[in-house]
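The data block below is final-v1.cif; it holds mmCIF, C-alpha atoms and all ligand atoms.
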```
data_structure
loop_
_atom_site.label_atom_id
_atom_site.label_comp_id
_atom_site.auth_asym_id
_atom_site.auth_seq_id
_atom_site.Cartn_x
_atom_site.Cartn_y
_atom_site.Cartn_z
CA MET A 1 80.63 66.73 81.14
CA LYS A 2 79.58 69.49 83.53
CA LYS A 3 80.21 73.07 82.50
CA ILE A 4 81.48 75.43 85.17
CA TYR A 5 81.64 79.18 84.60
CA ILE A 6 83.81 81.55 86.63
CA GLY A 7 83.72 85.30 85.95
CA MET A 8 86.79 87.17 87.08
CA SER A 9 89.18 90.05 86.37
CA ALA A 10 92.30 88.00 87.26
CA ASP A 11 94.41 91.12 87.50
CA LEU A 12 96.25 90.46 90.73
CA LEU A 13 95.88 86.71 90.90
CA HIS A 14 96.06 85.46 94.50
CA PRO A 15 95.30 82.29 96.52
CA GLY A 16 91.65 83.41 96.83
CA HIS A 17 91.22 83.06 93.06
CA LEU A 18 93.04 79.73 93.03
CA ASN A 19 90.78 78.48 95.80
CA ILE A 20 87.73 79.22 93.63
CA ILE A 21 89.30 77.39 90.70
CA GLU A 22 90.16 74.48 93.01
CA GLN A 23 86.48 74.19 94.02
CA ALA A 24 85.61 73.97 90.34
CA ARG A 25 88.23 71.26 89.78
CA GLN A 26 86.77 69.22 92.62
CA ILE A 27 83.36 69.27 90.92
CA GLY A 28 85.10 68.20 87.73
CA GLY A 29 84.20 69.20 84.18
CA GLU A 30 84.93 71.96 81.74
CA ILE A 31 86.08 75.11 83.56
CA ILE A 32 85.44 78.24 81.55
CA ILE A 33 86.73 81.60 82.72
CA GLY A 34 84.69 84.64 81.67
CA LEU A 35 87.50 87.14 81.81
CA LEU A 36 86.19 90.67 82.34
CA THR A 37 87.40 93.00 79.61
CA ASP A 38 88.96 96.37 80.48
CA LYS A 39 85.68 97.98 79.44
CA ALA A 40 83.68 95.78 81.82
CA ILE A 41 86.02 96.53 84.72
CA ALA A 42 86.19 100.27 83.97
CA SER A 43 82.38 100.37 84.15
CA TYR A 44 82.50 99.93 87.94
CA LYS A 45 86.02 100.55 89.22
CA ARG A 46 89.59 101.47 88.26
CA LEU A 47 91.20 99.99 85.19
CA PRO A 48 93.09 96.78 85.95
CA TYR A 49 96.88 96.97 86.13
CA MET A 50 97.28 94.47 83.28
CA ASN A 51 95.35 94.72 80.05
CA TYR A 52 93.02 91.98 78.81
CA GLU A 53 95.62 90.14 76.74
CA GLN A 54 98.12 90.07 79.60
CA ARG A 55 95.52 88.83 82.07
CA LYS A 56 94.35 86.21 79.57
CA ILE A 57 97.85 84.74 79.14
CA ILE A 58 98.14 84.29 82.89
CA ILE A 59 94.74 82.81 83.64
CA GLU A 60 94.70 80.40 80.71
CA ASN A 61 97.89 78.86 82.06
CA VAL A 62 96.43 78.12 85.47
CA LYS A 63 95.96 74.39 86.15
CA GLY A 64 92.50 73.10 85.32
CA ILE A 65 91.26 75.95 83.09
CA SER A 66 89.70 74.65 79.87
CA LYS A 67 88.91 77.91 78.13
CA VAL A 68 89.02 81.68 78.59
CA ILE A 69 86.41 83.86 76.93
CA PRO A 70 85.81 87.62 77.21
CA GLN A 71 83.03 88.91 79.43
CA ASP A 72 82.36 92.37 78.07
CA THR A 73 79.94 93.61 80.73
CA LEU A 74 79.65 93.26 84.48
CA ASP A 75 76.42 91.46 83.74
CA TYR A 76 76.98 87.73 83.10
CA THR A 77 73.76 87.11 81.20
CA ALA A 78 75.01 87.12 77.59
CA ASN A 79 77.78 84.59 78.28
CA LEU A 80 75.55 82.42 80.46
CA GLU A 81 72.80 82.26 77.83
CA MET A 82 75.41 81.27 75.27
CA LEU A 83 77.15 78.57 77.37
CA LYS A 84 74.33 77.36 79.63
CA PRO A 85 76.71 76.27 82.41
CA ASP A 86 75.70 73.86 85.18
CA TYR A 87 77.51 75.91 87.79
CA VAL A 88 78.71 79.46 88.31
CA ILE A 89 81.31 79.75 91.05
CA HIS A 90 82.29 82.97 92.81
CA GLY A 91 83.79 84.12 96.11
CA ASP A 92 81.00 84.72 98.64
CA ASP A 93 82.05 88.38 98.91
CA TRP A 94 79.69 89.07 95.99
CA LYS A 95 76.71 88.43 98.26
CA LYS A 96 76.92 91.99 99.50
CA GLY A 97 77.65 95.45 98.12
CA ILE A 98 78.52 96.25 94.59
CA GLN A 99 78.00 92.75 93.14
CA ALA A 100 74.88 91.55 94.97
CA GLN A 101 72.55 92.45 92.10
CA THR A 102 74.83 90.77 89.59
CA ARG A 103 74.76 87.59 91.68
CA GLN A 104 70.96 87.58 91.87
CA LYS A 105 70.70 87.95 88.12
CA VAL A 106 73.10 85.03 87.64
CA ILE A 107 71.01 82.86 89.98
CA ASP A 108 67.80 83.70 88.09
CA THR A 109 69.37 83.19 84.67
CA ILE A 110 70.96 79.78 85.21
CA ALA A 111 67.94 78.51 87.15
CA LYS A 112 66.20 78.36 83.73
CA TRP A 113 68.24 75.27 82.80
CA GLY A 114 68.73 73.99 86.35
CA GLY A 115 72.13 75.65 86.86
CA LYS A 116 73.36 76.51 90.35
CA VAL A 117 75.51 79.21 91.92
CA ILE A 118 78.23 78.11 94.34
CA ASP A 119 79.54 80.76 96.72
CA VAL A 120 83.02 79.87 97.90
CA PRO A 121 83.91 81.18 101.37
CA TYR A 122 86.15 84.20 101.17
CA THR A 123 89.84 83.40 101.61
CA GLN A 124 90.98 85.23 104.73
CA GLY A 125 94.10 87.33 104.85
CA ILE A 126 94.38 88.22 101.17
CA SER A 127 92.26 90.26 98.79
CA SER A 128 92.56 92.29 95.63
CA SER A 129 91.80 95.49 97.58
CA GLN A 130 94.74 94.82 99.92
CA LEU A 131 97.03 94.12 96.99
CA ASN A 132 95.79 97.25 95.22
CA LYS A 133 96.58 99.32 98.28
CA VAL A 134 100.11 97.96 98.48
CA LEU A 135 100.63 98.49 94.75
CA LYS A 136 99.48 102.09 95.07
CA GLU A 137 102.00 102.62 97.85
CA ILE A 138 104.77 101.14 95.70
CA GLY A 139 103.78 103.53 92.90
CA THR A 140 103.97 103.06 89.17
CA THR A 141 106.48 103.28 86.33
CA PRO A 142 106.58 105.98 83.64
CA GLU A 143 105.70 103.42 80.93
CA ILE A 144 102.69 102.00 82.74
CA ARG A 145 101.37 105.43 83.71
CA ALA A 146 101.85 106.89 80.23
CA ALA A 147 99.98 104.06 78.51
CA ARG A 148 97.01 104.35 80.84
CA LEU A 149 95.35 107.28 79.08
CA GLU A 150 95.10 105.37 75.82
CA ARG A 151 93.67 102.36 77.66
CA LEU A 152 91.11 104.56 79.39
CA LEU A 153 90.10 106.09 76.07
CA GLU A 154 89.49 102.60 74.71
CA SER A 155 87.57 101.41 77.78
CA LYS A 156 85.45 104.32 79.01
CA GLU A 157 82.54 106.24 77.59
CA ILE A 158 84.10 109.47 78.84
CA VAL A 159 87.42 109.96 80.61
CA THR A 160 87.32 112.41 83.54
CA ILE A 161 90.39 114.48 84.36
CA CYS A 162 90.78 116.87 87.30
CA GLU A 163 93.27 119.65 87.85
CA ALA A 164 96.04 119.44 90.45
CA HIS A 165 98.44 122.28 91.18
CA ASN A 166 100.72 120.70 93.77
CA GLY A 167 101.44 117.37 95.47
CA LEU A 168 98.65 117.76 98.01
CA SER A 169 95.89 118.54 95.51
CA SER A 170 97.12 115.68 93.32
CA LEU A 171 96.60 113.30 96.26
CA ILE A 172 92.97 114.39 96.29
CA VAL A 173 92.59 113.60 92.58
CA GLU A 174 94.37 110.29 93.09
CA ASN A 175 92.44 109.05 96.11
CA THR A 176 88.98 110.62 96.25
CA TYR A 177 86.07 108.42 95.28
CA VAL A 178 82.34 108.18 95.82
CA GLU A 179 79.99 105.24 95.55
CA GLU A 180 76.96 105.60 93.35
CA ASN A 181 74.62 102.83 92.19
CA ASN A 182 77.13 100.29 93.48
CA LYS A 183 79.87 101.73 91.33
CA LYS A 184 83.08 103.25 92.56
CA ILE A 185 83.51 106.64 90.89
CA GLU A 186 86.81 108.45 90.81
CA PHE A 187 88.76 110.73 88.49
CA ASP A 188 90.67 108.95 85.74
CA GLY A 189 93.59 111.32 85.51
CA ILE A 190 95.27 114.59 86.36
CA TRP A 191 95.43 117.92 84.47
CA ILE A 192 98.54 120.02 84.95
CA SER A 193 96.91 123.40 84.39
CA SER A 194 98.95 126.48 83.52
CA LEU A 195 96.31 128.64 85.23
CA THR A 196 96.21 126.86 88.58
CA GLN A 197 99.91 126.08 88.67
CA SER A 198 100.63 129.78 88.12
CA ALA A 199 97.99 130.89 90.62
CA ALA A 200 99.34 128.50 93.28
CA LYS A 201 102.65 130.35 92.94
CA ALA A 202 100.82 133.72 92.94
CA LYS A 203 101.88 134.35 89.36
CA PRO A 204 99.66 135.40 86.44
CA ASP A 205 98.81 132.84 83.76
CA ILE A 206 100.95 134.52 81.11
CA GLY A 207 103.54 131.84 80.50
CA TYR A 208 105.81 133.29 83.18
CA LEU A 209 106.54 129.96 84.89
CA ASP A 210 109.30 128.36 82.88
CA THR A 211 109.27 124.68 81.99
CA THR A 212 111.88 123.82 84.64
CA THR A 213 109.72 125.35 87.40
CA ARG A 214 106.63 123.58 86.12
CA MET A 215 108.53 120.28 86.07
CA GLU A 216 109.34 120.69 89.77
CA VAL A 217 105.65 120.81 90.60
CA LEU A 218 105.00 117.97 88.18
CA ASN A 219 107.62 115.90 90.00
CA ASP A 220 105.83 116.40 93.33
CA ILE A 221 102.68 115.12 91.65
CA LEU A 222 104.43 112.16 90.03
CA ASP A 223 105.85 111.19 93.43
CA VAL A 224 102.47 110.60 95.05
CA THR A 225 100.15 109.51 92.23
CA THR A 226 99.68 106.70 89.73
CA LYS A 227 96.99 108.13 87.45
CA PRO A 228 97.71 109.34 83.93
CA ILE A 229 98.62 112.97 83.43
CA ILE A 230 97.81 115.51 80.72
CA TYR A 231 100.08 118.55 80.65
CA ASP A 232 98.88 122.02 79.67
CA GLY A 233 101.68 123.19 77.37
CA ASP A 234 100.25 126.69 76.62
CA ASN A 235 101.21 127.25 72.97
CA GLY A 236 104.17 124.87 73.18
CA GLY A 237 106.66 127.74 72.81
CA PRO A 238 108.98 127.93 69.82
CA ILE A 239 109.28 124.67 67.89
CA GLU A 240 112.88 124.33 69.08
CA HIS A 241 111.68 124.35 72.70
CA PHE A 242 108.59 122.26 72.08
CA ILE A 243 110.54 119.21 70.97
CA PHE A 244 112.49 119.26 74.25
CA THR A 245 109.30 119.54 76.27
CA VAL A 246 107.82 116.54 74.47
CA LYS A 247 110.83 114.36 75.25
CA THR A 248 110.99 115.50 78.88
CA LEU A 249 107.31 114.72 79.43
CA GLU A 250 107.66 111.32 77.78
CA ARG A 251 110.58 110.45 80.02
CA LEU A 252 108.50 111.33 83.08
CA GLY A 253 105.58 109.14 82.02
CA VAL A 254 103.15 111.95 81.17
CA SER A 255 100.50 110.69 78.74
CA GLY A 256 100.06 113.76 76.61
CA ILE A 257 100.41 117.49 76.12
CA ILE A 258 97.78 119.95 74.95
CA ILE A 259 99.06 122.93 73.00
CA GLU A 260 96.91 125.87 71.93
CA ASP A 261 97.05 127.59 68.56
CA LYS A 262 97.93 131.04 69.90
CA ILE A 263 100.99 133.19 69.36
CA GLY A 264 102.58 136.08 71.22
CA LEU A 265 102.26 136.90 74.92
CA LYS A 266 100.08 134.24 76.49
CA LYS A 267 96.80 135.34 78.09
CA ASN A 268 94.27 133.03 79.68
CA SER A 269 91.64 132.01 77.14
CA LEU A 270 88.75 132.80 79.46
CA PHE A 271 89.49 136.54 79.00
CA GLY A 272 88.37 136.01 75.40
CA THR A 273 88.47 139.23 73.37
CA GLU A 274 88.79 141.44 76.50
CA VAL A 275 92.58 141.23 76.07
CA ILE A 276 94.85 141.07 73.05
CA GLN A 277 95.52 137.45 72.14
CA ASN A 278 96.41 136.29 68.67
CA GLN A 279 95.86 133.01 66.94
CA ASP A 280 98.74 131.38 65.09
CA THR A 281 98.23 130.57 61.41
CA LYS A 282 97.03 127.02 61.01
CA GLU A 283 100.03 126.28 58.78
CA ASN A 284 102.54 127.36 61.45
CA PHE A 285 100.72 125.47 64.14
CA ALA A 286 100.56 122.35 61.98
CA LEU A 287 104.35 122.54 61.64
CA LYS A 288 104.68 122.59 65.41
CA ILE A 289 102.46 119.51 65.75
CA LYS A 290 104.49 117.70 63.09
CA ALA A 291 107.78 118.61 64.77
CA GLY A 292 106.50 117.27 68.09
CA LYS A 293 105.28 114.03 66.54
CA THR A 294 108.63 113.55 64.81
CA ALA A 295 110.56 114.25 68.01
CA GLN A 296 108.63 111.89 70.28
CA VAL A 297 110.28 108.58 71.11
CA THR A 298 107.48 106.57 72.70
CA LYS A 299 104.46 105.11 70.96
CA ASN A 300 101.65 106.25 73.22
CA PHE A 301 102.48 109.92 73.88
CA MET A 302 99.64 112.15 72.70
CA ILE A 303 100.05 115.61 71.21
CA ILE A 304 96.65 117.24 71.41
CA ALA A 305 95.87 120.41 69.45
CA ARG A 306 93.72 123.00 71.18
CA ILE A 307 91.65 125.26 68.97
CA GLU A 308 91.01 128.82 70.13
CA SER A 309 88.77 129.94 67.25
CA LEU A 310 85.59 130.01 69.35
CA ILE A 311 87.35 131.78 72.24
CA LEU A 312 88.57 134.46 69.83
CA GLU A 313 85.25 134.69 67.97
CA LYS A 314 86.69 133.53 64.67
CA GLY A 315 83.66 131.39 63.91
CA MET A 316 82.69 127.76 63.69
CA GLU A 317 84.01 127.25 60.20
CA ASP A 318 87.48 128.39 61.21
CA ALA A 319 87.39 125.92 64.12
CA ILE A 320 86.39 123.06 61.82
CA VAL A 321 89.00 123.88 59.17
CA ARG A 322 91.67 124.02 61.84
CA ALA A 323 90.59 120.73 63.39
CA LYS A 324 90.97 119.03 60.01
CA CYS A 325 94.34 120.64 59.41
CA TYR A 326 95.72 119.68 62.83
CA LEU A 327 94.57 116.08 62.55
CA GLU A 328 96.21 115.86 59.14
CA ALA A 329 99.41 117.21 60.70
CA GLY A 330 99.36 114.25 63.11
CA ALA A 331 97.57 115.55 66.22
CA ASP A 332 96.38 112.67 68.42
CA GLY A 333 93.32 114.55 69.59
CA ILE A 334 91.58 117.91 69.53
CA MET A 335 90.63 120.12 72.43
CA ILE A 336 87.92 122.57 71.50
CA HIS A 337 87.58 125.44 73.95
CA SER A 338 84.65 127.75 74.57
CA ARG A 339 83.86 130.49 77.09
CA GLN A 340 80.12 130.55 76.38
CA LYS A 341 77.69 130.08 79.24
CA THR A 342 76.01 127.19 77.45
CA PHE A 343 77.21 124.01 75.78
CA ASP A 344 75.51 124.89 72.43
CA GLU A 345 78.63 126.10 70.63
CA ILE A 346 80.63 122.97 71.47
CA LYS A 347 77.66 120.76 70.64
CA GLU A 348 77.50 122.37 67.21
CA PHE A 349 81.22 121.72 66.73
CA THR A 350 80.78 118.03 67.54
CA LYS A 351 78.20 117.65 64.75
CA TYR A 352 80.87 118.43 62.19
CA TYR A 353 83.79 116.88 64.04
CA ASN A 354 82.14 113.51 64.54
CA LYS A 355 81.84 113.11 60.78
CA PHE A 356 85.60 113.37 60.18
CA GLU A 357 87.02 110.17 58.77
CA ASN A 358 90.24 110.52 60.73
CA ARG A 359 88.43 111.57 63.89
CA LYS A 360 90.57 111.38 67.05
CA PRO A 361 89.57 111.86 70.72
CA LEU A 362 87.80 115.14 71.46
CA ILE A 363 88.52 116.96 74.69
CA VAL A 364 86.58 119.78 76.36
CA VAL A 365 87.01 122.03 79.39
CA PRO A 366 83.56 123.04 80.65
CA SER A 367 84.54 125.88 83.02
CA SER A 368 82.07 128.52 81.81
CA TYR A 369 79.34 126.05 80.78
CA SER A 370 79.66 124.03 83.97
CA GLN A 371 76.00 122.94 84.00
CA VAL A 372 76.70 120.37 81.30
CA THR A 373 76.86 116.77 82.56
CA GLU A 374 79.33 114.06 81.62
CA LYS A 375 76.43 112.10 80.11
CA GLU A 376 75.50 115.00 77.81
CA LEU A 377 79.13 115.37 76.74
CA ALA A 378 79.47 111.65 76.08
CA ASN A 379 76.23 111.66 74.08
CA CYS A 380 77.87 114.17 71.73
CA GLY A 381 80.88 111.91 71.29
CA ILE A 382 83.19 113.88 73.57
CA ASN A 383 85.90 111.57 74.88
CA VAL A 384 87.58 113.53 77.68
CA VAL A 385 86.31 116.14 80.12
CA ILE A 386 88.82 118.26 82.03
CA TYR A 387 87.80 119.94 85.29
CA ALA A 388 90.56 122.48 84.89
CA ASN A 389 90.56 124.72 87.96
CA GLN A 390 87.92 123.73 90.52
CA LEU A 391 90.16 122.40 93.31
CA LEU A 392 92.16 125.62 93.46
CA ARG A 393 89.01 127.73 93.21
CA ALA A 394 87.59 125.81 96.17
CA ALA A 395 90.73 126.07 98.29
CA TYR A 396 91.14 129.84 98.00
CA PRO A 397 87.79 130.97 99.49
CA ALA A 398 88.14 128.34 102.24
CA MET A 399 91.46 129.92 103.25
CA VAL A 400 90.06 133.46 103.01
CA ASN A 401 87.17 132.52 105.30
CA THR A 402 89.56 130.97 107.79
CA ALA A 403 91.77 134.06 107.76
CA LYS A 404 88.74 136.32 108.28
CA SER A 405 87.47 134.22 111.17
CA ILE A 406 90.82 134.43 112.99
CA LEU A 407 90.95 138.19 112.43
CA LEU A 408 87.38 138.72 113.63
CA ASN A 409 87.66 136.50 116.71
CA HIS A 410 91.24 137.33 117.65
CA ARG A 411 91.78 133.60 118.14
CA SER A 412 91.64 130.47 116.04
CA GLN A 413 89.07 128.35 117.87
CA GLU A 414 86.08 129.33 115.67
CA ALA A 415 88.04 128.84 112.48
CA SER A 416 89.40 125.50 113.69
CA GLU A 417 85.93 124.26 114.52
CA GLU A 418 84.18 125.59 111.45
CA TYR A 419 86.67 125.43 108.60
CA CYS A 420 89.64 123.26 109.56
CA MET A 421 90.35 119.56 109.63
CA PRO A 422 91.48 118.25 113.05
CA ILE A 423 95.20 118.60 113.81
CA LYS A 424 95.37 114.84 114.30
CA GLU A 425 94.23 114.35 110.73
CA ILE A 426 96.65 116.79 109.15
CA ILE A 427 99.68 115.34 110.95
CA THR A 428 98.85 111.87 109.73
CA LEU A 429 97.47 112.81 106.32
CA ILE A 430 100.72 112.07 104.56
CA PRO A 431 101.99 108.53 105.26
CA GLY A 432 105.40 108.29 106.87
CA ALA A 433 105.01 111.24 109.24
CA LYS A 434 105.11 109.21 112.45
C1 LIG A 501 94.28 125.90 82.18
O1 LIG A 501 93.71 125.22 83.03
O2 LIG A 501 95.31 126.49 82.40
C2 LIG A 501 93.72 125.99 80.83
C3 LIG A 501 92.26 125.96 80.63
O3 LIG A 501 94.47 126.19 79.91
S1 LIG A 501 91.71 127.60 80.64
O4 LIG A 501 92.10 128.21 81.89
O5 LIG A 501 90.27 127.57 80.47
O6 LIG A 501 92.34 128.29 79.52
MG MG A 502 96.33 126.97 80.49
#
```
Write the structure described by the file as structure tokens, please.
Ligand code: SPV
Ligand code: MG
Amino acid sequence: MKKIYIGMSADLLHPGHLNIIEQARQIGGEIIIGLLTDKAIASYKRLPYMNYEQRKIIIENVKGISKVIPQDTLDYTANLEMLKPDYVIHGDDWKKGIQAQTRQKVIDTIAKWGGKVIDVPYTQGISSSQLNKVLKEIGTTPEIRAARLERLLESKEIVTICEAHNGLSSLIVENTYVEENNKKIEFDGIWISSLTQSAAKAKPDIGYLDTTTRMEVLNDILDVTTKPIIYDGDNGGPIEHFIFTVKTLERLGVSGIIIEDKIGLKKNSLFGTEVIQNQDTKENFALKIKAGKTAQVTKNFMIIARIESLILEKGMEDAIVRAKCYLEAGADGIMIHSRQKTFDEIKEFTKYYNKFENRKPLIVVPSSYSQVTEKELANCGINVVIYANQLLRAAYPAMVNTAKSILLNHRSQEASEEYCMPIKEIITLIPGAK
């Protein structure tokens, strides 16, 4: 009996996929689906809507499929060497772009035992990209969005999160991507920063914006995005308030909150010891974490403890002791903050942290040590990087330059040409304007 191998994600199954399976049925034989795992898919594009188990249930019930096995990398080689199929069938769209190299490697591999690749002509009028676009326009649900952070943590070497301070900036985090080495690279999620949310309202980052006001901005962001969200909860407020915040965020589909172990009037951490800021006792802070974990109603919501020991020059040992204590109290992750110009201090922390038996995801915010790369962070076991303020920092000088140009030229032509997007683009930027 001939063996036919088909690699696919089978997330949004459409007639194009069924056409490929039909071609396999016409050849006749054992049809084996190499179902790409979340990790394999996340290595070159967005996470699929359905997780591996959900996708598996669907595809194994399609007529003609003999077996479904996981394909853990974009590269087919390991599965092909194991199965030695006579044919590999794929839509002919993989002849160009992102998958062309993969195809060539498949051809070379199966040629060793006389196997052949069959490229099935692309089914016109329907594609996963079209369906993805429509799904994005429909939006998401709180449950699906909330669970996405955990799935990303399981599937990606490092999860990248970028700050948004209003609906418009969140659209940038949602939609911007670049292509590099045939991979589509985009941010994985959104950071609701206290600093940039305050600054966008021309308020200092001293905890002045109340939770209700912050939720209004968060709602604008929820309206136009589907990516998971991490909320900057400052120090979480009094325990009695914190448990309400947790429930509110869960209801909205936010994936997690980060709370910092400080007490008293909030000051931005990047001031360090230039201003008075006090650290809470680890015992008090552990109580707050426990209260939040007890109050939460969903399974996936993450309460992440942020340690300010390095910011406040309390030493590495204090940071380590606190990390242990907070994890024991039930924290789902640790954010370790630093305002040093180099990554050394955080790197040192990871050496101890990575040895913890109950280690949970580690999060960093490289604002002052911005030279560090995602690869270097991942090599030290860091699981999430937050770009906490860059979009707002970029927008402000652009607006100042525009204002100066208008003032200097007593008209707007120079500014329009040099700094502004065309009017046509701004009026159509947000769908539904026409
Ligand atoms: C924020 O973005 O508001 C943060 C990170 O909390 S930092 O500004 O570095 O404290
Ligand atoms: Mg903050």
> Near A:Ser129, counting only C-alpha atoms, which residues have an atom at most 12 Å away, once you skip same-chain residues fewer than 3 positions from it, shown as a list of chain:residue names?
Replying inline: A:Asp11, A:Leu12, A:Leu13, A:His14, A:Lys45, A:Arg46, A:Pro48, A:Gly125, A:Ile126, A:Asn132, A:Lys133, A:Val134, A:Leu135, A:Lys136
>> With distances taken over only C-alpha atoms and all ligand atoms, which residue among A:Val384, A:Ala329, A:Met316, A:Ile259 lies nearest ligand MG 502 (chain A)?
In response: A:Ile259
>> Please find the residues contacting ligand MG 502 (chain A) at a distance of at most 10 Å between atoms, with only C-alpha atoms and all ligand atoms counted, and report them as a PyMOL selection string.
In response: chain A and resi 191-198+205-207+231-235+258-260+266-270+388-389
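In this comparison, which uses all atoms listed in the file, the residue of A:Ile382, A:Ile307, A:Met215, A:Val254 approaching A:Val364 most closely is A:Ile382.
Every protein, DNA or RNA residue with an atom at most 7 Å from stretch 334-337 of chain A, where all atoms listed in the file count and chain neighbours fewer than 6 positions away do not, is listed here: A:Ile304, A:Ala305, A:Arg306, A:Ile307, A:Glu308, A:Leu310, A:Ile311, A:Ala323, A:Pro361, A:Leu362, A:Ile363, A:Val364, A:Val365.
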Output as lines of an AutoDock Vina configuration file the centre and edge lengths (Å, one decimal) of the box along x, y and z of the file that holds every listed atom of ligand LIG 501 (chain A) after adding 3 Å on each side.
```
center_x = 92.8
center_y = 126.8
center_z = 81.3
size_x = 11.0
size_y = 9.1
size_z = 9.5
```
